[in-house]
Amino acid sequence: MADIKVNPESDQFVPVQEHTPVQTANNSGVNFGKVLGGAANIAGQLVSGVAGAQTLGLGPLVGNIAGSLAGGNGVSGGPLDGSELTNLLQLQNEIQRQSLVFNAQTNISKTDHETRMSAVRNIRT
Amino acid sequence: MPNKIAAAVLGPAESGNSILQFLGEAAYLWSYRGQLDKSAAIFQALITLAPNDPVGHQGLAEIYLTQGKFREAEREAQTASRSTSADRRTTAFAYKLRGRALMQLNRLKEAEKALLRASEIDAGGAEGKSALEILEAARRMGIFPSGTSPPVK
């Protein structure tokens, strides 16, 4: 077995440089909020477009709210004022209600269809 | 007599059952497309060819319900529910149809009884749950006066 030599006076290791403090702008959080709001808006629109009723259309609203809370001008335009936000929330509630009714109706139709077909499969003379 | 007709029209039992299944599916597909007359004619043929099977009566009951012929719907649903060759789910479906027809005829106690029977026959199954949901909705809306029958479990 070969001996391992340990040389504590090796010069292979150089001291780690310390980080110097980085100057941060005061409005960085707001900028990040703007970007996040815009991104959420686009992503939300994409998701709700692809998934349809399953997402209950939450995406664009979340994006708009995030953008407006951050105080930025999102991708969709200017910030939302109170009445616009109220209208959007009312619209959102209506969409959600319609989605629930639609899901309930399709579930009922599916159950009925399966019962009918089960009876048809068992027809005997 | 109908069995002789079925034997003459359908031939051997195995292929005959396939023809009946095809007719049943065709009848429901016509009804889904809104062609109720064509659908009803096929269901009538099914009743002639397989008088002991509930599908023909059940299909006719659904068509009559859609057309607003509630007395006829109730009669056909009752015939379907009395079929001895039906499984639990199908029998429960027939009772549910009867309950719906009776509700339309304003025979509320009988309707409630039919829906309860459906929920008991297929307890825990899809049709039993569906019948329970109709019962609970009707009670919430005050269609069935409370206290006329035991509460839904």
# chains A, B, ... in the order shown; residues from 1 in each chain; ligands from 1
call {"tool": "residues_around", "arguments": {"residues": "segment 99-106 of chain B", "least_positions_apart": "4", "cutoff": "10 Å", "atoms": "only C-alpha atoms", "output": "number ranges by chain"}}
result
B: 61-62, 64-65, 68-75, 77-78, 93-95, 110-118, 131, 134-135, 138, 143-144
call {"tool": "interface_residues", "arguments": {"of": "chain B", "to": "chain A", "cutoff": "9 Å", "atoms": "only C-alpha atoms", "output": "number ranges by chain"}}
result
B: 3, 6-7, 13, 16-18, 20-25, 28, 49-55, 58-59, 85-87, 89-90, 93, 126-127, 130
call {"tool": "atom_distance", "arguments": {"atom1": "atom CA of Ser119 of chain B", "atom2": "atom CA of Leu97 of chain B"}}
result
12.3 Å
call {"tool": "select_by_dssp", "arguments": {"residues": "chain B", "states": "helix (DSSP H, G or I)", "output": "PDB file with C-alpha atoms, in the first residue's frame"}}
result
ATOM      1  CA  PRO B   2     -92.606 -12.841 -30.726  1.00  0.00           C
ATOM      2  CA  ASN B   3     -89.960 -15.483 -30.067  1.00  0.00           C
ATOM      3  CA  LYS B   4     -90.876 -17.194 -33.332  1.00  0.00           C
ATOM      4  CA  ILE B   5     -90.532 -13.860 -35.100  1.00  0.00           C
ATOM      5  CA  ALA B   6     -87.156 -13.313 -33.441  1.00  0.00           C
ATOM      6  CA  ALA B   7     -85.976 -16.764 -34.402  1.00  0.00           C
ATOM      7  CA  ALA B   8     -87.052 -16.246 -37.989  1.00  0.00           C
ATOM      8  CA  VAL B   9     -85.517 -12.781 -38.291  1.00  0.00           C
ATOM      9  CA  LEU B  10     -82.353 -13.177 -36.223  1.00  0.00           C
ATOM     10  CA  ALA B  13     -78.834 -17.030 -30.794  1.00  0.00           C
ATOM     11  CA  GLU B  14     -75.198 -15.825 -30.932  1.00  0.00           C
ATOM     12  CA  SER B  15     -75.526 -13.892 -34.170  1.00  0.00           C
ATOM     13  CA  GLY B  16     -79.037 -12.866 -33.168  1.00  0.00           C
ATOM     14  CA  ASN B  17     -77.747 -11.170 -30.026  1.00  0.00           C
ATOM     15  CA  SER B  18     -75.150  -9.289 -32.070  1.00  0.00           C
ATOM     16  CA  ILE B  19     -77.887  -8.002 -34.355  1.00  0.00           C
ATOM     17  CA  LEU B  20     -79.917  -6.899 -31.355  1.00  0.00           C
ATOM     18  CA  GLN B  21     -76.905  -5.076 -29.901  1.00  0.00           C
ATOM     19  CA  PHE B  22     -76.345  -3.367 -33.245  1.00  0.00           C
ATOM     20  CA  LEU B  23     -79.996  -2.301 -33.323  1.00  0.00           C
ATOM     21  CA  GLY B  24     -79.783  -0.982 -29.747  1.00  0.00           C
ATOM     22  CA  GLU B  25     -76.697   1.091 -30.514  1.00  0.00           C
ATOM     23  CA  ALA B  26     -78.255   2.372 -33.741  1.00  0.00           C
ATOM     24  CA  ALA B  27     -81.414   3.403 -31.907  1.00  0.00           C
ATOM     25  CA  TYR B  28     -79.472   5.368 -29.299  1.00  0.00           C
ATOM     26  CA  LEU B  29     -77.274   6.992 -31.948  1.00  0.00           C
ATOM     27  CA  TRP B  30     -80.376   8.212 -33.798  1.00  0.00           C
ATOM     28  CA  SER B  31     -81.752   9.609 -30.542  1.00  0.00           C
ATOM     29  CA  TYR B  32     -78.442  11.395 -29.831  1.00  0.00           C
ATOM     30  CA  LEU B  36     -86.449  10.501 -32.350  1.00  0.00           C
ATOM     31  CA  ASP B  37     -88.886   8.947 -34.840  1.00  0.00           C
ATOM     32  CA  LYS B  38     -86.207   6.724 -36.356  1.00  0.00           C
ATOM     33  CA  SER B  39     -84.946   5.867 -32.901  1.00  0.00           C
ATOM     34  CA  ALA B  40     -88.450   5.003 -31.644  1.00  0.00           C
ATOM     35  CA  ALA B  41     -89.075   2.720 -34.629  1.00  0.00           C
ATOM     36  CA  ILE B  42     -85.928   0.715 -33.837  1.00  0.00           C
ATOM     37  CA  PHE B  43     -86.809   0.494 -30.141  1.00  0.00           C
ATOM     38  CA  GLN B  44     -90.264  -0.815 -31.133  1.00  0.00           C
ATOM     39  CA  ALA B  45     -88.559  -3.441 -33.282  1.00  0.00           C
ATOM     40  CA  LEU B  46     -86.356  -4.380 -30.330  1.00  0.00           C
ATOM     41  CA  ILE B  47     -89.456  -4.857 -28.162  1.00  0.00           C
ATOM     42  CA  THR B  48     -90.887  -7.188 -30.803  1.00  0.00           C
ATOM     43  CA  LEU B  49     -87.667  -9.170 -31.165  1.00  0.00           C
ATOM     44  CA  PRO B  54     -85.568  -3.880 -20.922  1.00  0.00           C
ATOM     45  CA  VAL B  55     -83.623  -1.942 -23.594  1.00  0.00           C
ATOM     46  CA  GLY B  56     -86.536  -1.343 -25.974  1.00  0.00           C
ATOM     47  CA  HIS B  57     -88.885  -0.158 -23.233  1.00  0.00           C
ATOM     48  CA  GLN B  58     -86.177   1.913 -21.594  1.00  0.00           C
ATOM     49  CA  GLY B  59     -85.269   3.623 -24.866  1.00  0.00           C
ATOM     50  CA  LEU B  60     -88.914   4.360 -25.633  1.00  0.00           C
ATOM     51  CA  ALA B  61     -89.369   5.777 -22.129  1.00  0.00           C
ATOM     52  CA  GLU B  62     -86.477   8.191 -22.711  1.00  0.00           C
ATOM     53  CA  ILE B  63     -87.895   9.276 -26.067  1.00  0.00           C
ATOM     54  CA  TYR B  64     -91.341   9.858 -24.594  1.00  0.00           C
ATOM     55  CA  LEU B  65     -89.777  11.883 -21.769  1.00  0.00           C
ATOM     56  CA  THR B  66     -88.025  14.061 -24.347  1.00  0.00           C
ATOM     57  CA  GLN B  67     -91.250  14.486 -26.301  1.00  0.00           C
ATOM     58  CA  PHE B  70     -95.026  11.546 -19.640  1.00  0.00           C
ATOM     59  CA  ARG B  71     -97.807   8.975 -19.218  1.00  0.00           C
ATOM     60  CA  GLU B  72     -96.343   6.816 -21.981  1.00  0.00           C
ATOM     61  CA  ALA B  73     -92.855   7.348 -20.562  1.00  0.00           C
ATOM     62  CA  GLU B  74     -93.976   6.208 -17.110  1.00  0.00           C
ATOM     63  CA  ARG B  75     -95.647   3.108 -18.557  1.00  0.00           C
ATOM     64  CA  GLU B  76     -92.587   2.074 -20.568  1.00  0.00           C
ATOM     65  CA  ALA B  77     -90.213   2.758 -17.662  1.00  0.00           C
ATOM     66  CA  GLN B  78     -92.386   0.630 -15.398  1.00  0.00           C
ATOM     67  CA  THR B  79     -92.281  -2.233 -17.904  1.00  0.00           C
ATOM     68  CA  ALA B  80     -88.498  -1.896 -18.131  1.00  0.00           C
ATOM     69  CA  SER B  81     -88.113  -1.869 -14.358  1.00  0.00           C
ATOM     70  CA  ARG B  88     -78.943  -3.839 -11.103  1.00  0.00           C
ATOM     71  CA  ARG B  89     -77.673  -0.780 -12.918  1.00  0.00           C
ATOM     72  CA  THR B  90     -80.197  -1.098 -15.743  1.00  0.00           C
ATOM     73  CA  THR B  91     -83.068  -1.688 -13.331  1.00  0.00           C
ATOM     74  CA  ALA B  92     -82.033   1.347 -11.295  1.00  0.00           C
ATOM     75  CA  PHE B  93     -81.899   3.406 -14.495  1.00  0.00           C
ATOM     76  CA  ALA B  94     -85.449   2.288 -15.337  1.00  0.00           C
ATOM     77  CA  TYR B  95     -86.664   3.301 -11.858  1.00  0.00           C
ATOM     78  CA  LYS B  96     -84.915   6.647 -12.250  1.00  0.00           C
ATOM     79  CA  LEU B  97     -86.676   7.228 -15.574  1.00  0.00           C
ATOM     80  CA  ARG B  98     -89.984   6.312 -13.943  1.00  0.00           C
ATOM     81  CA  GLY B  99     -89.290   8.756 -11.130  1.00  0.00           C
ATOM     82  CA  ARG B 100     -88.570  11.540 -13.606  1.00  0.00           C
ATOM     83  CA  ALA B 101     -91.787  10.825 -15.517  1.00  0.00           C
ATOM     84  CA  LEU B 102     -93.811  10.734 -12.292  1.00  0.00           C
ATOM     85  CA  MET B 103     -92.340  14.059 -11.207  1.00  0.00           C
ATOM     86  CA  GLN B 104     -93.564  15.566 -14.459  1.00  0.00           C
ATOM     87  CA  LEU B 108     -94.611  13.307  -6.228  1.00  0.00           C
ATOM     88  CA  LYS B 109     -94.882  10.586  -3.593  1.00  0.00           C
ATOM     89  CA  GLU B 110     -94.632   7.884  -6.214  1.00  0.00           C
ATOM     90  CA  ALA B 111     -91.758   9.725  -7.856  1.00  0.00           C
ATOM     91  CA  GLU B 112     -89.874   9.926  -4.583  1.00  0.00           C
ATOM     92  CA  LYS B 113     -90.501   6.230  -3.978  1.00  0.00           C
ATOM     93  CA  ALA B 114     -89.220   5.309  -7.447  1.00  0.00           C
ATOM     94  CA  LEU B 115     -86.047   7.365  -6.990  1.00  0.00           C
ATOM     95  CA  LEU B 116     -85.467   5.848  -3.552  1.00  0.00           C
ATOM     96  CA  ARG B 117     -85.926   2.386  -5.028  1.00  0.00           C
ATOM     97  CA  ALA B 118     -83.355   3.224  -7.724  1.00  0.00           C
ATOM     98  CA  SER B 119     -80.875   4.358  -5.087  1.00  0.00           C
ATOM     99  CA  GLU B 120     -81.432   1.158  -3.088  1.00  0.00           C
ATOM    100  CA  ILE B 121     -81.144  -1.207  -6.042  1.00  0.00           C
ATOM    101  CA  ALA B 126     -73.380   5.109 -10.677  1.00  0.00           C
ATOM    102  CA  GLU B 127     -77.141   5.020 -11.178  1.00  0.00           C
ATOM    103  CA  GLY B 128     -77.845   4.746  -7.467  1.00  0.00           C
ATOM    104  CA  LYS B 129     -75.741   7.834  -6.815  1.00  0.00           C
ATOM    105  CA  SER B 130     -77.400   9.661  -9.689  1.00  0.00           C
ATOM    106  CA  ALA B 131     -80.859   8.859  -8.305  1.00  0.00           C
ATOM    107  CA  LEU B 132     -79.748  10.121  -4.887  1.00  0.00           C
ATOM    108  CA  GLU B 133     -78.529  13.367  -6.423  1.00  0.00           C
ATOM    109  CA  ILE B 134     -81.886  13.903  -8.137  1.00  0.00           C
ATOM    110  CA  LEU B 135     -83.671  13.161  -4.860  1.00  0.00           C
ATOM    111  CA  GLU B 136     -81.520  15.581  -2.894  1.00  0.00           C
ATOM    112  CA  ALA B 137     -81.857  18.310  -5.526  1.00  0.00           C
ATOM    113  CA  ALA B 138     -85.637  17.880  -5.577  1.00  0.00           C
ATOM    114  CA  ARG B 139     -85.753  18.088  -1.781  1.00  0.00           C
ATOM    115  CA  ARG B 140     -83.565  21.195  -1.749  1.00  0.00           C
TER     116      ARG B 140
END
call {"tool": "decode", "arguments": {"residues": "segment 40-153 of chain B", "atoms": "C-alpha atoms", "output": "short mmCIF file (atom, residue, chain, number, x, y, z; two decimals), in the first residue's frame"}}
result
data_model
loop_
_atom_site.label_atom_id
_atom_site.label_comp_id
_atom_site.auth_asym_id
_atom_site.auth_seq_id
_atom_site.Cartn_x
_atom_site.Cartn_y
_atom_site.Cartn_z
CA ALA B 40 -88.45 5.00 -31.64
CA ALA B 41 -89.08 2.72 -34.63
CA ILE B 42 -85.93 0.72 -33.84
CA PHE B 43 -86.81 0.49 -30.14
CA GLN B 44 -90.26 -0.82 -31.13
CA ALA B 45 -88.56 -3.44 -33.28
CA LEU B 46 -86.36 -4.38 -30.33
CA ILE B 47 -89.46 -4.86 -28.16
CA THR B 48 -90.89 -7.19 -30.80
CA LEU B 49 -87.67 -9.17 -31.17
CA ALA B 50 -86.66 -9.26 -27.49
CA PRO B 51 -89.82 -8.68 -25.45
CA ASN B 52 -88.23 -9.75 -22.16
CA ASP B 53 -85.29 -7.37 -22.47
CA PRO B 54 -85.57 -3.88 -20.92
CA VAL B 55 -83.62 -1.94 -23.59
CA GLY B 56 -86.54 -1.34 -25.97
CA HIS B 57 -88.89 -0.16 -23.23
CA GLN B 58 -86.18 1.91 -21.59
CA GLY B 59 -85.27 3.62 -24.87
CA LEU B 60 -88.91 4.36 -25.63
CA ALA B 61 -89.37 5.78 -22.13
CA GLU B 62 -86.48 8.19 -22.71
CA ILE B 63 -87.90 9.28 -26.07
CA TYR B 64 -91.34 9.86 -24.59
CA LEU B 65 -89.78 11.88 -21.77
CA THR B 66 -88.03 14.06 -24.35
CA GLN B 67 -91.25 14.49 -26.30
CA GLY B 68 -93.25 15.41 -23.19
CA LYS B 69 -95.38 12.25 -23.34
CA PHE B 70 -95.03 11.55 -19.64
CA ARG B 71 -97.81 8.98 -19.22
CA GLU B 72 -96.34 6.82 -21.98
CA ALA B 73 -92.86 7.35 -20.56
CA GLU B 74 -93.98 6.21 -17.11
CA ARG B 75 -95.65 3.11 -18.56
CA GLU B 76 -92.59 2.07 -20.57
CA ALA B 77 -90.21 2.76 -17.66
CA GLN B 78 -92.39 0.63 -15.40
CA THR B 79 -92.28 -2.23 -17.90
CA ALA B 80 -88.50 -1.90 -18.13
CA SER B 81 -88.11 -1.87 -14.36
CA ARG B 82 -90.08 -5.14 -14.08
CA SER B 83 -87.83 -6.98 -16.52
CA THR B 84 -86.26 -10.02 -14.93
CA SER B 85 -83.30 -10.15 -17.28
CA ALA B 86 -81.89 -6.73 -16.36
CA ASP B 87 -78.86 -6.15 -14.14
CA ARG B 88 -78.94 -3.84 -11.10
CA ARG B 89 -77.67 -0.78 -12.92
CA THR B 90 -80.20 -1.10 -15.74
CA THR B 91 -83.07 -1.69 -13.33
CA ALA B 92 -82.03 1.35 -11.29
CA PHE B 93 -81.90 3.41 -14.49
CA ALA B 94 -85.45 2.29 -15.34
CA TYR B 95 -86.66 3.30 -11.86
CA LYS B 96 -84.92 6.65 -12.25
CA LEU B 97 -86.68 7.23 -15.57
CA ARG B 98 -89.98 6.31 -13.94
CA GLY B 99 -89.29 8.76 -11.13
CA ARG B 100 -88.57 11.54 -13.61
CA ALA B 101 -91.79 10.83 -15.52
CA LEU B 102 -93.81 10.73 -12.29
CA MET B 103 -92.34 14.06 -11.21
CA GLN B 104 -93.56 15.57 -14.46
CA LEU B 105 -96.99 14.05 -13.85
CA ASN B 106 -97.00 15.69 -10.40
CA ARG B 107 -97.27 12.30 -8.67
CA LEU B 108 -94.61 13.31 -6.23
CA LYS B 109 -94.88 10.59 -3.59
CA GLU B 110 -94.63 7.88 -6.21
CA ALA B 111 -91.76 9.72 -7.86
CA GLU B 112 -89.87 9.93 -4.58
CA LYS B 113 -90.50 6.23 -3.98
CA ALA B 114 -89.22 5.31 -7.45
CA LEU B 115 -86.05 7.37 -6.99
CA LEU B 116 -85.47 5.85 -3.55
CA ARG B 117 -85.93 2.39 -5.03
CA ALA B 118 -83.36 3.22 -7.72
CA SER B 119 -80.88 4.36 -5.09
CA GLU B 120 -81.43 1.16 -3.09
CA ILE B 121 -81.14 -1.21 -6.04
CA ASP B 122 -77.84 0.22 -7.23
CA ALA B 123 -76.56 1.42 -3.85
CA GLY B 124 -73.01 2.68 -4.30
CA GLY B 125 -73.24 2.35 -8.09
CA ALA B 126 -73.38 5.11 -10.68
CA GLU B 127 -77.14 5.02 -11.18
CA GLY B 128 -77.84 4.75 -7.47
CA LYS B 129 -75.74 7.83 -6.82
CA SER B 130 -77.40 9.66 -9.69
CA ALA B 131 -80.86 8.86 -8.31
CA LEU B 132 -79.75 10.12 -4.89
CA GLU B 133 -78.53 13.37 -6.42
CA ILE B 134 -81.89 13.90 -8.14
CA LEU B 135 -83.67 13.16 -4.86
CA GLU B 136 -81.52 15.58 -2.89
CA ALA B 137 -81.86 18.31 -5.53
CA ALA B 138 -85.64 17.88 -5.58
CA ARG B 139 -85.75 18.09 -1.78
CA ARG B 140 -83.57 21.19 -1.75
CA MET B 141 -85.91 22.83 -4.24
CA GLY B 142 -88.91 21.84 -2.12
CA ILE B 143 -90.41 19.58 -4.79
CA PHE B 144 -90.70 16.70 -2.35
CA PRO B 145 -92.19 17.80 0.95
CA SER B 146 -89.86 16.84 3.77
CA GLY B 147 -90.93 14.06 6.11
CA THR B 148 -92.82 12.04 3.51
CA SER B 149 -90.13 9.39 3.40
CA PRO B 150 -87.00 8.43 5.31
CA PRO B 151 -83.98 10.69 4.74
CA VAL B 152 -81.49 9.70 2.07
CA LYS B 153 -78.47 7.91 3.57
#
